[in-house]
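Q: To be precise about what I am sending: the file is called entry.txt and holds compact mmCIF, C-alpha atoms.
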# COMPACT_ATOMS: atom_id res chain seq x y z
CA MET A 2 56.48 26.29 124.50
CA LYS A 3 56.71 23.30 122.18
CA LYS A 4 53.37 21.95 123.43
CA LEU A 5 51.66 25.31 122.79
CA SER A 6 53.06 25.54 119.27
CA ALA A 7 51.92 21.97 118.57
CA ARG A 8 48.34 22.84 119.48
CA ARG A 9 48.35 25.91 117.25
CA ARG A 10 45.98 25.44 114.21
CA HIS A 11 47.25 25.42 110.65
CA PRO A 12 46.63 28.75 108.86
CA LEU A 13 44.53 27.02 106.19
CA ALA A 14 42.32 25.16 108.66
CA ALA A 15 39.70 27.92 108.80
CA ILE A 16 39.47 28.03 105.00
CA VAL A 17 39.03 24.24 104.84
CA VAL A 18 36.25 24.35 107.44
CA LEU A 19 34.53 27.17 105.53
CA LEU A 20 34.70 25.24 102.26
CA LEU A 21 33.29 22.12 103.94
CA ALA A 22 30.44 24.16 105.39
CA LEU A 23 29.63 25.64 101.98
CA ALA A 24 29.77 22.21 100.36
CA CYS A 25 27.41 20.80 102.96
CA THR A 26 25.04 23.73 102.51
CA GLY A 27 25.09 23.31 98.73
CA GLY A 28 24.48 19.60 99.07
CA LEU A 29 21.53 20.18 101.36
CA TYR A 30 20.13 22.74 98.92
CA ALA A 31 20.53 20.30 96.05
CA VAL A 32 18.66 17.67 98.07
CA PHE A 33 15.83 19.81 99.43
CA ALA A 34 15.37 22.69 96.92
CA PRO A 35 14.01 20.63 93.99
CA ALA A 36 11.55 18.94 96.34
CA ASP A 37 10.43 22.32 97.66
CA LYS A 38 10.01 23.64 94.12
CA ALA A 39 8.07 20.58 93.01
CA GLN A 40 5.85 20.88 96.06
CA ALA A 41 5.24 24.55 95.34
CA ASP A 42 4.36 23.79 91.71
CA GLU A 43 2.00 21.04 92.83
CA THR A 44 0.32 23.39 95.30
CA ALA A 45 -0.09 26.09 92.64
CA GLN A 46 -1.58 23.55 90.24
CA SER A 47 -4.01 22.34 92.90
CA LEU A 48 -5.10 25.91 93.58
CA ALA A 49 -5.59 26.53 89.85
CA ILE A 50 -7.72 23.38 89.57
CA ASP A 51 -9.84 24.41 92.57
CA GLU A 52 -10.43 27.90 91.15
CA GLY A 53 -11.15 26.44 87.73
CA LYS A 54 -13.73 24.09 89.23
CA LYS A 55 -15.54 27.07 90.76
CA LEU A 56 -15.57 28.92 87.43
CA TYR A 57 -16.75 25.76 85.69
CA ALA A 58 -19.66 25.30 88.12
CA VAL A 59 -20.90 28.82 87.34
CA GLY A 60 -20.36 29.07 83.58
CA CYS A 61 -20.18 25.54 82.15
CA ALA A 62 -21.84 22.91 84.33
CA SER A 63 -25.39 23.67 83.16
CA CYS A 64 -24.57 22.31 79.68
CA HIS A 65 -21.58 20.01 80.24
CA GLY A 66 -22.60 18.44 83.55
CA THR A 67 -21.28 18.96 87.06
CA GLY A 68 -18.31 16.68 86.45
CA GLY A 69 -17.73 17.41 82.77
CA GLN A 70 -19.48 14.17 81.78
CA GLY A 71 -21.71 15.94 79.27
CA THR A 72 -25.50 16.31 78.92
CA THR A 73 -28.03 16.51 76.12
CA ASP A 74 -27.11 20.19 75.79
CA GLY A 75 -23.31 19.78 75.67
CA PRO A 76 -20.68 17.11 74.97
CA SER A 77 -18.41 15.47 77.51
CA LEU A 78 -15.25 17.40 78.32
CA VAL A 79 -13.34 14.45 79.73
CA GLY A 80 -10.13 14.11 77.73
CA VAL A 81 -10.53 17.21 75.54
CA GLY A 82 -7.45 18.76 77.16
CA ALA A 83 -6.40 22.27 78.13
CA ALA A 84 -5.85 23.37 74.51
CA ALA A 85 -9.53 22.88 73.66
CA VAL A 86 -10.56 25.00 76.64
CA ASP A 87 -8.11 27.76 75.77
CA PHE A 88 -9.37 27.85 72.16
CA GLN A 89 -13.10 27.74 72.90
CA VAL A 90 -13.12 30.17 75.82
CA ALA A 91 -10.46 32.63 74.60
CA THR A 92 -12.29 33.04 71.26
CA GLY A 93 -15.59 33.63 73.05
CA ARG A 94 -17.27 30.57 71.60
CA MET A 95 -17.78 29.25 75.10
CA PRO A 96 -19.88 29.76 77.10
CA ALA A 97 -22.35 29.64 74.20
CA GLN A 98 -25.19 32.13 74.06
CA GLN A 99 -27.60 29.53 72.72
CA PRO A 100 -27.44 26.10 71.06
CA GLY A 101 -27.30 26.02 67.28
CA ALA A 102 -25.72 24.44 64.24
CA GLN A 103 -22.47 26.21 65.06
CA VAL A 104 -21.27 28.47 67.85
CA PRO A 105 -19.81 31.70 66.41
CA ARG A 106 -16.77 33.57 67.61
CA LYS A 107 -17.50 36.50 69.93
CA LYS A 108 -15.86 38.64 72.61
CA ASN A 109 -14.68 36.49 75.50
CA ILE A 110 -15.77 37.18 79.08
CA TYR A 111 -12.85 35.62 80.96
CA SER A 112 -9.35 36.87 81.65
CA GLN A 113 -6.41 34.73 80.54
CA ALA A 114 -5.73 33.79 84.16
CA GLU A 115 -9.31 32.51 84.53
CA ILE A 116 -9.03 30.63 81.23
CA ASP A 117 -5.85 28.96 82.50
CA GLN A 118 -7.68 27.91 85.66
CA LEU A 119 -10.59 26.47 83.68
CA ALA A 120 -8.10 24.66 81.45
CA ALA A 121 -6.31 23.23 84.49
CA TYR A 122 -9.58 21.85 85.87
CA ILE A 123 -10.68 20.28 82.56
CA ALA A 124 -7.20 18.81 82.05
CA SER A 125 -7.49 17.18 85.48
CA LEU A 126 -10.56 15.24 84.27
CA GLY A 127 -8.58 13.37 81.61
CA ALA A 128 -5.44 13.65 79.49
CA GLY A 129 -5.66 15.70 76.30
CA PRO A 130 -3.73 18.23 74.18
CA SER A 131 -1.97 20.86 76.27
CA ILE A 132 -1.79 24.60 75.54
CA PRO A 133 1.10 25.08 73.08
CA SER A 134 4.13 27.18 73.95
CA GLU A 135 4.89 30.26 71.84
CA GLU A 136 7.79 28.45 70.21
CA LYS A 137 5.39 25.96 68.59
CA TYR A 138 3.23 28.50 66.78
CA SER A 139 5.93 31.08 66.05
CA THR A 140 6.58 31.57 62.32
CA GLU A 141 10.34 31.70 62.86
CA GLY A 142 11.98 28.99 60.77
CA ALA A 143 8.72 28.16 58.96
CA ASP A 144 8.43 27.26 55.27
CA VAL A 145 5.64 29.38 53.73
CA ALA A 146 5.58 27.43 50.45
CA GLU A 147 5.26 24.11 52.27
CA GLY A 148 2.57 25.62 54.48
CA GLY A 149 0.61 26.71 51.41
CA GLU A 150 0.72 23.22 49.94
CA LEU A 151 -0.36 21.66 53.23
CA PHE A 152 -3.18 24.18 53.65
CA ARG A 153 -4.53 23.66 50.14
CA THR A 154 -4.42 19.90 50.64
CA ASN A 155 -6.00 19.70 54.09
CA CYS A 156 -7.90 22.93 54.78
CA ALA A 157 -8.88 24.81 51.61
CA GLN A 158 -11.91 22.60 50.95
CA CYS A 159 -13.68 24.36 53.84
CA HIS A 160 -11.72 27.52 54.62
CA ASN A 161 -11.02 28.57 51.02
CA PHE A 162 -7.50 28.66 49.62
CA THR A 163 -6.63 31.90 51.42
CA GLY A 164 -8.49 31.16 54.65
CA LYS A 165 -11.45 33.46 53.98
CA GLY A 166 -13.92 30.84 55.17
CA GLY A 167 -16.92 29.30 53.46
CA ALA A 168 -20.37 27.75 53.84
CA LEU A 169 -20.96 24.14 54.89
CA THR A 170 -24.15 22.10 55.16
CA ASN A 171 -27.12 22.49 57.53
CA GLY A 172 -26.30 26.02 58.65
CA LYS A 173 -22.67 25.28 59.47
CA PHE A 174 -19.71 27.24 58.15
CA ALA A 175 -15.94 27.32 58.13
CA PRO A 176 -14.94 30.62 59.79
CA THR A 177 -12.51 33.07 58.31
CA LEU A 178 -8.92 32.73 59.54
CA GLU A 179 -8.12 36.43 59.18
CA ASP A 180 -7.04 38.17 62.40
CA VAL A 181 -7.01 34.88 64.33
CA ASP A 182 -4.30 34.49 66.96
CA PRO A 183 -1.65 31.98 65.76
CA LYS A 184 -1.99 30.14 69.07
CA HIS A 185 -5.68 29.57 68.42
CA ILE A 186 -4.99 28.32 64.88
CA TYR A 187 -2.51 25.82 66.33
CA GLU A 188 -5.00 24.75 69.01
CA ALA A 189 -7.75 24.32 66.42
CA MET A 190 -5.53 21.98 64.42
CA GLN A 191 -4.73 20.07 67.62
CA THR A 192 -8.27 19.70 68.90
CA GLY A 193 -10.61 19.87 65.88
CA PRO A 194 -13.33 22.20 67.24
CA GLN A 195 -16.96 21.79 66.14
CA ASN A 196 -17.06 20.65 62.48
CA MET A 197 -13.31 20.65 61.97
CA PRO A 198 -11.32 17.39 62.05
CA SER A 199 -8.35 17.22 64.39
CA PHE A 200 -4.79 17.07 63.11
CA PRO A 201 -2.60 15.54 65.85
CA ASP A 202 1.17 15.45 65.51
CA THR A 203 0.92 12.02 63.90
CA THR A 204 -1.02 13.64 61.02
CA LEU A 205 0.48 17.13 60.88
CA THR A 206 3.75 17.54 62.75
CA GLU A 207 4.59 20.59 64.85
CA GLN A 208 6.65 21.91 61.93
CA ASN A 209 3.73 21.34 59.53
CA LYS A 210 1.44 23.38 61.77
CA LYS A 211 4.03 26.13 62.00
CA ASP A 212 4.32 26.19 58.19
CA ILE A 213 0.54 26.50 57.79
CA ILE A 214 0.40 29.38 60.26
CA ALA A 215 3.21 31.13 58.35
CA TYR A 216 1.29 30.67 55.07
CA LEU A 217 -1.89 32.19 56.53
CA ASP A 218 0.12 35.11 57.85
CA ALA A 219 1.65 35.58 54.41
CA VAL A 220 -1.69 35.68 52.55
CA ASN A 221 -3.73 37.53 55.20
CA GLY A 222 -1.16 39.65 57.03
CA ASP A 223 -1.30 43.43 57.39
CA GLU A 224 1.46 43.86 54.79
CA THR A 225 0.03 41.37 52.28
CA VAL A 226 -0.19 42.80 48.75
CA ASP A 227 -2.79 41.46 46.30
CA PRO A 228 -1.23 41.73 42.82
CA GLY A 229 -4.55 40.85 41.17
CA GLY A 230 -6.30 43.99 42.34
CA LEU A 231 -9.88 43.62 43.60
CA SER A 232 -10.04 40.26 45.37
CA LEU A 233 -13.84 40.16 45.82
CA GLY A 234 -13.40 38.69 49.26
CA GLY A 235 -11.05 35.98 48.00
CA LEU A 236 -13.97 33.55 47.80
CA GLY A 237 -13.04 32.16 44.40
CA PRO A 238 -15.23 31.44 41.35
CA VAL A 239 -18.59 31.95 43.09
CA SER A 240 -18.12 35.62 43.85
CA GLU A 241 -16.20 36.16 40.61
CA GLY A 242 -18.98 34.53 38.58
CA LEU A 243 -21.64 36.56 40.36
CA PHE A 244 -19.66 39.73 39.65
CA GLY A 245 -19.42 38.71 35.99
CA TRP A 246 -23.14 38.04 35.68
CA ILE A 247 -24.30 41.20 37.43
CA PHE A 248 -21.80 43.75 36.18
CA GLY A 249 -20.47 42.11 33.02
CA LEU A 250 -23.78 40.95 31.58
CA GLY A 251 -25.49 44.07 32.91
CA SER A 252 -22.96 46.24 31.08
CA LEU A 253 -23.52 44.30 27.83
CA ILE A 254 -27.28 44.76 28.12
CA ALA A 255 -26.85 48.48 28.77
CA VAL A 256 -24.59 48.83 25.70
CA ALA A 257 -27.09 46.87 23.55
CA VAL A 258 -29.96 49.12 24.66
CA TRP A 259 -27.87 52.22 23.96
CA VAL A 260 -26.92 50.97 20.48
CA ALA A 261 -30.56 50.06 19.71
CA ALA A 262 -31.75 53.49 20.84
CA ARG A 263 -29.15 55.25 18.71
CA THR A 264 -30.07 53.09 15.71
CA ALA A 265 -33.79 53.88 16.13
CA LYS A 266 -33.05 57.60 16.27
CA ALA A 267 -30.91 57.35 13.18
CA LYS A 268 -33.70 55.64 11.23
CA LYS A 269 -36.27 58.26 12.24
CA SER A 270 -34.04 61.07 11.16
Show how you would write the structure in this file as structure tokens.

A:
Amino acid sequence: MKKLSARRRHPLAAIVVLLLALACTGGLYAVFAPADKAQADETAQSLAIDEGKKLYAVGCASCHGTGGQGTTDGPSLVGVGAAAVDFQVATGRMPAQQPGAQVPRKKNIYSQAEIDQLAAYIASLGAGPSIPSEEKYSTEGADVAEGGELFRTNCAQCHNFTGKGGALTNGKFAPTLEDVDPKHIYEAMQTGPQNMPSFPDTTLTEQNKKDIIAYLDAVNGDETVDPGGLSLGGLGPVSEGLFGWIFGLGSLIAVAVWVAARTAKAKKS
């Protein structure tokens, strides 16, 4: 009887074995799960690049070359980054209908998933600015006053002080920034599309870009109130001067003619 009782297991032995098994399982998961996740992400990225390459061959290669090296009809895309692709394609500027001084914004023909695939392929050709996360272009925590000062210093020369746009040389123009997705404004500052210079983080920080986006939302938002009344497009002294010449001077001429006619009638009578 003593030998049988000596061989009897401790009541806590089963619990200890269970805990050891769970610990081993957790350790194995910690070792293998991150690798599996990384491998899955890499596979998904490879698939996106492959699909993007197919889309590129159909819609972009005729101008930009089969490998993105560029041709006489389109610049090289090596190193432009995913952000440039997202901006150009999502705003409908690319693919372009025809070459010209400037490619205008139009309705895009790709879904966001297809744009992401194109961006993945172009990004694989060379490092460049990535598509920003929503946190970067959100106006939360932005300084509107600082954004206004930055915009007037760096952008108003072309886009007008409220972002209404304006004419440039040789048929080019700075487009209006009304109703433009904040993500695309951020990407434009990152990449410098067409005639616009680029503003990397070394020139305008992420916070600076966020402040500028907040300023544009403040002056062009749906709830923006214009205390001055008729804004005449917000184009500044050109439109205001034209209004003054046509309506102001025209009104003065009309009054002068009326006064002269009344005076002539008075003399005849």

Q: Report, in Å to a single decimal, how far apart atom CA of A:Phe200 and atom CA of A:Asp212 are.

A: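 Calculated distance between atom CA of A:Asp212 and atom CA of A:Phe200 is 13.8 Å.
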
Q: Between atom CA of A:His185 and atom CA of A:Lys165, measure the distance and give it in Å to one decimal.

A: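 Atom-to-atom, atom CA of A:His185 to atom CA of A:Lys165, that is 16.0 Å.
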
Q: Looking at A:Gly142, A:Pro176, A:Gly251, A:Asp42, which one is nearest to A:Lys107, with distances taken over all atoms listed in the file?

A: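 That would be A:Pro176, the residue with the smallest distance to A:Lys107.
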
Q: Please compute the atom CA of A:Pro133-atom CA of A:Ala91 distance, one decimal, in Å.

A: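 These two atoms are separated by 13.9 Å.
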
Q: Taking all atoms of stretch 138-152 of chain A that the file lists and extending 3 Å past them on each side, where is the centre of the axis-aligned box and how long are its edges? Answer in Å to one decimal, as JSON.

A:
{"center_x": 4.4, "center_y": 26.7, "center_z": 58.4, "size_x": 21.2, "size_y": 16.0, "size_z": 22.8}

Q: When you count only C-alpha atoms, which of these residues is closest to A:Leu151: A:Ala175, A:Met95, A:Ala215, A:Ala39?

A: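 Nearest to A:Leu151: A:Ala215.
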